[in-house]
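Data from run.cif: mmCIF, C-alpha atoms
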data_coords
loop_
_atom_site.label_atom_id
_atom_site.label_comp_id
_atom_site.auth_asym_id
_atom_site.auth_seq_id
_atom_site.Cartn_x
_atom_site.Cartn_y
_atom_site.Cartn_z
CA MET A 190 9.72 -14.43 31.31
CA ASN A 191 6.42 -15.45 29.75
CA LEU A 192 6.61 -14.14 26.17
CA ASP A 193 2.90 -14.69 25.48
CA HIS A 194 1.96 -12.67 28.53
CA GLU A 195 4.38 -9.87 27.63
CA LEU A 196 3.11 -9.71 24.05
CA HIS A 197 -0.47 -9.40 25.27
CA ARG A 198 0.59 -6.50 27.46
CA VAL A 199 2.74 -4.71 24.88
CA LEU A 200 0.25 -5.16 22.05
CA GLU A 201 -2.96 -4.43 23.88
CA ARG A 202 -5.23 -1.88 22.26
CA THR A 203 -4.44 1.74 22.90
CA SER A 204 -6.87 4.66 22.72
CA ALA A 205 -7.12 6.63 19.52
CA PRO A 206 -6.00 10.27 19.92
CA GLU A 207 -8.47 12.71 21.41
CA GLY A 208 -10.90 14.10 18.83
CA PHE A 209 -10.09 11.42 16.26
CA ALA A 210 -13.70 10.78 15.19
CA ASP A 211 -14.38 14.51 14.88
CA ARG A 212 -11.38 14.94 12.59
CA VAL A 213 -12.57 12.09 10.36
CA LEU A 214 -16.07 13.58 10.19
CA ALA A 215 -14.62 17.02 9.44
CA ARG A 216 -12.67 15.59 6.52
CA LEU A 217 -15.80 13.81 5.36
CA GLU A 218 -17.88 16.98 5.47
CA GLN A 219 -15.19 18.89 3.59
CA GLY A 220 -15.29 16.17 0.96
CA GLN A 221 -11.59 15.73 1.47
CA GLN A 222 -10.17 12.66 -0.18
CA PRO A 223 -6.63 11.35 0.03
CA LYS A 224 -4.63 13.44 -2.40
CA ARG A 225 -3.23 10.49 -4.29
CA HIS A 226 -6.76 9.46 -5.35
CA ARG A 227 -7.81 12.90 -6.58
CA PHE A 228 -7.48 14.16 -10.14
CA THR A 229 -8.48 17.79 -10.50
CA ALA A 230 -9.64 19.34 -13.76
CA SER A 231 -6.31 21.17 -14.12
CA THR A 232 -4.41 17.89 -13.62
CA LEU A 233 -6.51 16.23 -16.31
CA ARG A 234 -5.89 19.19 -18.66
CA ARG A 235 -2.14 18.89 -18.07
CA ILE A 236 -2.24 15.14 -18.75
CA ALA A 237 -4.24 15.70 -21.97
CA ALA A 238 -1.80 18.43 -23.11
CA ALA A 239 1.15 16.13 -22.42
CA VAL A 240 -0.44 13.29 -24.42
CA ILE A 241 -1.15 15.61 -27.40
CA LEU A 242 2.37 17.07 -27.28
CA THR A 243 3.91 13.60 -27.12
CA ALA A 244 1.81 12.43 -30.07
CA ALA A 245 2.74 15.54 -32.12
CA LEU A 246 6.45 15.16 -31.40
CA GLY A 247 6.24 11.47 -32.20
CA GLY A 248 4.51 12.19 -35.53
CA LEU A 249 7.07 14.84 -36.43
CA THR A 250 9.94 12.51 -35.64
CA ALA A 251 8.41 9.71 -37.72
CA HIS A 252 7.92 12.12 -40.66
CA GLN A 253 11.56 13.24 -40.43
CA ILE A 254 12.77 9.64 -40.44
CA VAL A 255 10.69 8.81 -43.55
CA GLU A 256 11.88 11.98 -45.32
CA HIS A 257 15.51 11.25 -44.45
CA ARG A 258 15.22 7.72 -45.85
CA ARG A 259 13.63 9.01 -49.07
CA THR A 260 16.43 11.58 -49.57
CA GLU A 261 19.10 8.96 -48.95
CA GLY A 262 17.42 6.63 -51.45
CA GLU A 263 17.38 9.30 -54.15
CA ARG A 264 21.03 10.15 -53.54
CA ALA A 265 21.98 6.45 -53.82
CA ARG A 266 20.01 6.16 -57.09
CA ARG A 267 21.77 9.22 -58.56
CA GLU A 268 25.18 7.82 -57.58
CA LEU A 269 24.34 4.48 -59.16
CA MET A 270 23.23 6.15 -62.41
CA THR A 271 26.44 8.20 -62.51
CA ALA A 272 28.49 5.06 -61.98
CA LEU A 273 26.63 3.30 -64.77
CA HIS A 274 27.18 6.27 -67.13
CA ILE A 275 30.91 6.25 -66.39
CA ALA A 276 31.11 2.49 -66.86
CA SER A 277 29.17 2.76 -70.10
CA ALA A 278 31.48 5.50 -71.47
CA LYS A 279 34.57 3.49 -70.60
CA MET A 280 33.07 0.44 -72.33
CA ARG A 281 32.46 2.50 -75.49
CA VAL A 282 36.10 3.73 -75.46
CA ALA A 283 37.31 0.16 -75.02
CA GLN A 284 35.07 -1.10 -77.84
CA ARG A 285 36.37 1.62 -80.19
CA ALA A 286 39.98 0.74 -79.27
CA VAL A 287 39.36 -2.94 -80.00
CA ALA A 288 37.60 -2.14 -83.32
CA HIS A 289 40.42 0.20 -84.34
CA ASP A 290 43.01 -2.51 -83.73
CA MET B 10 -16.30 -14.70 16.31
CA SER B 11 -15.34 -15.91 12.90
CA ALA B 12 -14.11 -13.02 10.82
CA ALA B 13 -13.73 -15.36 7.86
CA ALA B 14 -17.46 -15.88 7.51
CA PRO B 15 -19.07 -12.63 8.59
CA LEU B 16 -22.37 -13.31 6.88
CA LEU B 17 -23.14 -16.10 9.34
CA PHE B 18 -23.21 -13.74 12.28
CA GLY B 19 -25.26 -10.79 13.33
CA THR B 20 -28.01 -8.90 11.62
CA LEU B 21 -27.85 -5.64 9.80
CA ASP B 22 -27.20 -3.20 12.59
CA ALA B 23 -29.45 -0.16 12.71
CA THR B 24 -26.50 2.21 13.16
CA LEU B 25 -24.72 0.65 10.24
CA GLN B 26 -27.87 0.96 8.17
CA ARG B 27 -28.31 4.64 9.02
CA ALA B 28 -24.64 5.37 8.38
CA ALA B 29 -24.89 3.66 4.99
CA ALA B 30 -27.84 5.94 4.23
CA GLY B 31 -25.55 8.95 4.76
CA ASP B 32 -26.24 9.79 8.41
CA HIS B 33 -22.97 11.31 9.65
CA GLU B 34 -24.00 11.04 13.30
CA SER B 35 -24.40 7.28 12.96
CA PHE B 36 -21.14 7.07 11.08
CA GLY B 37 -19.52 8.98 13.95
CA SER B 38 -20.85 6.31 16.33
CA LEU B 39 -19.29 3.61 14.18
CA ILE B 40 -15.97 5.45 14.19
CA ARG B 41 -15.99 5.81 17.99
CA GLU B 42 -16.86 2.15 18.38
CA HIS B 43 -13.95 0.92 16.27
CA GLN B 44 -11.35 3.70 16.32
CA ASP B 45 -9.24 2.12 19.07
CA MET B 46 -8.96 -1.16 17.15
CA VAL B 47 -8.02 0.51 13.86
CA PHE B 48 -5.63 3.03 15.42
CA SER B 49 -3.96 0.34 17.56
CA ILE B 50 -3.26 -1.94 14.59
CA ALA B 51 -1.62 0.96 12.75
CA TRP B 52 0.16 2.16 15.88
CA ASN B 53 1.52 -1.27 16.82
CA PHE B 54 2.73 -1.65 13.25
CA LEU B 55 4.23 1.79 12.64
CA HIS B 56 5.00 3.22 16.06
CA ASP B 57 4.48 6.67 14.61
CA ARG B 58 1.44 8.44 16.03
CA ASP B 59 0.94 10.85 13.13
CA ARG B 60 1.22 8.15 10.48
CA ALA B 61 -0.97 5.78 12.51
CA GLU B 62 -3.67 8.43 12.80
CA GLU B 63 -3.40 9.27 9.10
CA ILE B 64 -3.83 5.62 8.16
CA ALA B 65 -6.72 5.20 10.60
CA GLN B 66 -8.45 8.29 9.18
CA GLU B 67 -8.02 7.04 5.63
CA VAL B 68 -9.43 3.64 6.62
CA PHE B 69 -12.60 5.29 7.96
CA LEU B 70 -12.93 7.59 4.94
CA GLN B 71 -12.64 4.51 2.72
CA LEU B 72 -15.21 2.78 4.92
CA TYR B 73 -17.66 5.64 4.36
CA ARG B 74 -17.39 5.13 0.60
CA THR B 75 -17.85 1.38 1.01
CA LEU B 76 -20.59 1.27 3.64
CA GLY B 77 -23.16 -0.01 1.16
CA GLU B 78 -21.14 -3.22 0.80
CA ILE B 79 -20.90 -3.90 4.55
CA GLU B 80 -23.51 -6.48 5.48
CA THR B 81 -23.19 -7.05 9.23
CA PRO B 82 -21.31 -5.64 12.23
CA ALA B 83 -19.04 -8.72 12.12
CA HIS B 84 -18.35 -8.03 8.45
CA LEU B 85 -17.53 -4.44 9.41
CA ILE B 86 -14.89 -5.55 11.94
CA PHE B 87 -13.42 -8.01 9.44
CA TRP B 88 -13.32 -5.28 6.76
CA LEU B 89 -11.68 -2.74 9.10
CA ARG B 90 -8.95 -5.19 10.17
CA ARG B 91 -8.23 -6.23 6.58
CA VAL B 92 -8.12 -2.71 5.13
CA THR B 93 -5.98 -1.42 8.02
CA ALA B 94 -3.58 -4.34 7.59
CA ASN B 95 -3.36 -3.72 3.84
CA ARG B 96 -2.64 -0.03 4.38
CA CYS B 97 0.07 -0.90 6.90
CA ILE B 98 1.68 -3.24 4.38
CA ASP B 99 1.48 -0.53 1.70
CA GLU B 100 3.08 1.90 4.11
CA SER B 101 5.93 -0.48 4.87
CA ARG B 102 6.53 -1.01 1.13
CA ARG B 103 6.86 2.74 0.69
CA GLY B 104 9.50 2.64 3.39
CA ARG B 105 7.95 5.56 5.23
CA TRP B 106 7.80 3.80 8.59
CA ARG B 107 10.76 3.98 10.89
CA ILE B 108 12.46 1.98 13.56
CA VAL B 109 11.75 3.39 17.02
CA THR B 110 14.37 4.05 19.58
CA LEU B 111 14.20 2.51 23.01
CA ASP B 112 12.98 5.82 24.47
CA GLU B 113 10.20 6.15 21.91
CA ALA B 114 9.16 2.58 22.52
CA SER B 115 8.41 3.47 26.12
CA ASP B 116 5.28 5.27 24.86
CA VAL B 117 3.91 1.92 23.80
CA VAL B 118 4.05 0.17 27.09
CA HIS B 119 1.03 0.44 29.31
CA ASP B 120 1.06 0.25 33.08
CA ALA B 121 3.79 -2.24 33.64
CA ASP B 122 3.05 -2.95 37.25
CA GLU B 123 3.36 -6.72 37.02
CA THR B 124 6.34 -6.94 34.73
CA ASP B 125 9.81 -5.62 34.09
CA PRO B 126 9.24 -2.29 32.33
CA PHE B 127 12.65 -2.39 30.67
CA LEU B 128 11.92 -5.82 29.25
CA ALA B 129 8.54 -4.67 27.98
CA ARG B 130 10.14 -1.65 26.29
CA LYS B 131 12.74 -3.86 24.71
CA LEU B 132 10.06 -6.23 23.46
CA ALA B 133 8.16 -3.32 21.90
CA GLN B 134 11.33 -2.30 20.11
CA MET B 135 12.14 -5.84 19.00
CA LEU B 136 8.69 -6.16 17.45
CA GLN B 137 9.58 -3.32 15.10
CA ARG B 138 12.51 -5.32 13.76
CA LEU B 139 10.28 -8.16 12.55
CA PRO B 140 9.35 -8.38 8.85
CA ALA B 141 6.00 -6.72 8.08
CA GLN B 142 3.97 -9.91 7.62
CA GLN B 143 5.28 -11.46 10.83
CA ARG B 144 4.61 -8.27 12.77
CA LEU B 145 1.06 -8.05 11.43
CA ALA B 146 0.34 -11.71 12.20
CA ILE B 147 1.62 -11.27 15.77
CA THR B 148 -0.35 -8.03 16.17
CA MET B 149 -3.55 -9.77 15.03
CA ARG B 150 -2.82 -12.68 17.36
CA TYR B 151 -1.99 -10.72 20.50
CA GLN B 152 -3.76 -7.39 20.04
CA GLU B 153 -6.93 -8.73 18.47
CA GLY B 154 -6.81 -12.24 19.95
CA LEU B 155 -7.48 -13.90 16.59
CA GLU B 156 -6.91 -17.58 15.86
CA PRO B 157 -4.48 -18.41 13.03
CA SER B 158 -7.38 -19.29 10.70
CA GLU B 159 -8.98 -15.90 11.38
CA ILE B 160 -5.64 -14.15 10.82
CA GLY B 161 -5.38 -15.97 7.50
CA ALA B 162 -8.79 -14.64 6.47
CA VAL B 163 -7.93 -11.07 7.49
CA LEU B 164 -4.47 -11.04 5.90
CA ASP B 165 -5.58 -13.15 2.94
CA MET B 166 -2.94 -15.81 3.40
CA PRO B 167 -3.03 -19.61 3.82
CA LEU B 168 -3.24 -21.06 7.32
CA ASN B 169 0.19 -22.67 7.08
CA THR B 170 1.72 -19.34 6.06
CA VAL B 171 0.16 -17.65 9.08
CA LYS B 172 1.46 -20.38 11.38
CA SER B 173 4.89 -20.02 9.82
CA HIS B 174 4.89 -16.23 10.31
CA LEU B 175 3.82 -16.63 13.94
CA ARG B 176 6.38 -19.36 14.62
CA ARG B 177 9.27 -17.48 13.00
CA GLY B 178 8.32 -14.15 14.55
CA LEU B 179 8.08 -15.60 18.04
CA ALA B 180 11.32 -17.53 17.58
CA ALA B 181 13.10 -14.33 16.52
CA LEU B 182 11.74 -12.45 19.54
CA ARG B 183 12.82 -15.25 21.89
CA GLU B 184 16.29 -15.25 20.38
CA TRP B 185 16.70 -11.46 20.53
CA LEU B 186 15.40 -11.34 24.08
CA GLY B 187 17.39 -14.36 25.18
CA VAL B 188 14.29 -16.29 26.20
CA THR B 189 14.84 -20.04 26.16
CA SER B 190 11.25 -21.33 25.83
#

What is this file in structure tokens?
Amino acid sequence: MNLDHELHRVLERTSAPEGFADRVLARLEQGQQPKRHRFTASTLRRIAAAVILTAALGGLTAHQIVEHRRTEGERARRELMTALHIASAKMRVAQRAVAHD
Amino acid sequence: MSAAAPLLFGTLDATLQRAAAGDHESFGSLIREHQDMVFSIAWNFLHDRDRAEEIAQEVFLQLYRTLGEIETPAHLIFWLRRVTANRCIDESRRGRWRIVTLDEASDVVHDADETDPFLARKLAQMLQRLPAQQRLAITMRYQEGLEPSEIGAVLDMPLNTVKSHLRRGLAALREWLGVTS
């Protein structure tokens, strides 16, 4: 078997299907483009709406995080002040006890 | 013909010029002149008539949008081979091509009056098992009759890579078919 010869035979050019050129020209005249390259106005509107929605949700989430941190900070400050008051009161009691002795 | 240096050959063809100016009749002539080459590359790569025609149609639609950049008839042939090859590679990456059965492969074989038709069918099927780059290199070599340097220009790969694809592809076919030399 001569492989080169067989490959030439198997891979020789074959005719394009009947009416091929007419179908290409018809698509051309219809202005038809491959779908994956086409962005319609409605597609662009959907993309814009999705971007705006994502940005709004992102902003809201960021605001909630900041607010949560601020609330936590205030609570920690109040707890610290309470602890200091308690410590201070106990110190005064201890001082009076020492002075009394 | 040297597809790698199209500007050295040919003059601006009148049909090409008219087609670039928007004349659909001239563009139709260009399609008819080159449709067999473009369709055959896709067909020999995919072995799926519908997908091969779809790719070939898309190649010519892309050509219409690019006609202003085509400088000579030789450049046109080079461009068509390259774009068709690229689309075939894209198609194989999407995994939408399929392996043909032995029966389907019989569609490929032309009048096999001087050869064993079963062997030719088997060879057509074995070609589909080759990796995409090897299959394209062999298609360009045997369908289009290109030299390795010309295949390198069309497929945008170094000469040694082309030679390697051809060597490995042919070796695999010989092994699968049980051919000794």

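Take CA of Arg266 (chain A) and CA of Met280 (chain A): the distance between them is 20.9 Å.
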
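Proximity of A:His197, A:Arg216, A:Arg264, A:Arg281 to Leu132 (chain B), computed with only C-alpha atoms, is greatest for A:His197.
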
Problem set entry | Pick from B:Lys172, B:His84, B:Arg138, B:Lys131 nearest to Glu195 (chain A), counting all atoms listed in the file | B:Lys131

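For region 166-171 of chain B, the set of protein, DNA and RNA residues having any atom at most 12 Å away, when counting all atoms listed in the file and skipping those fewer than 5 positions along the same chain, is B:Ala13, B:Arg91, B:Gln142, B:Gln143, B:Arg144, B:Leu145, B:Ala146, B:Ile147, B:Thr148, B:Met149, B:Arg150, B:Leu155, B:Glu156, B:Pro157, B:Ser158, B:Glu159, B:Ile160, B:Gly161, B:Arg176, B:Arg177, B:Gly178.
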
For this session: Run the PyMOL selection byres ((chain A) within 8 of (chain B)) against the file shown and list the residues it catches, as a ChimeraX atom specification.
Result: /A:190,192,195-206,209-211,213-214,217,222-223

For this session: Go ahead and compute the interatomic distance for CA of Cys97 (chain B) and CA of Asp32 (chain B), in Å to one decimal.
Result: 28.4 Å

Problem set entry | Neighbours of point (2.7, -2.4, 4.6) within 10 Å, using only C-alpha atoms, written as a PyMOL selection string | chain B and resi 51+54-55+93-106+140-142+145

Exercise. For this file, the PyMOL selection byres ((chain B and resi 79) around 10) selects which residues, as an MDAnalysis selection string?
Worked result: chainID B and resid 15:16 21 25:26 29 72 75:78 80:88

Determine the axis-aligned bounding box of all atoms of region 194-213 of chain A present in the file, pad each side by 6 Å, and express its centre and edge lengths in Å to one decimal place as JSON.
{"center_x": -5.0, "center_y": 1.1, "center_z": 19.4, "size_x": 30.8, "size_y": 39.6, "size_z": 30.2}

For this session: Provide the CA of His194 (chain A) to CA of Glu184 (chain B) distance in Å, to one decimal place.
Result: 16.7 Å
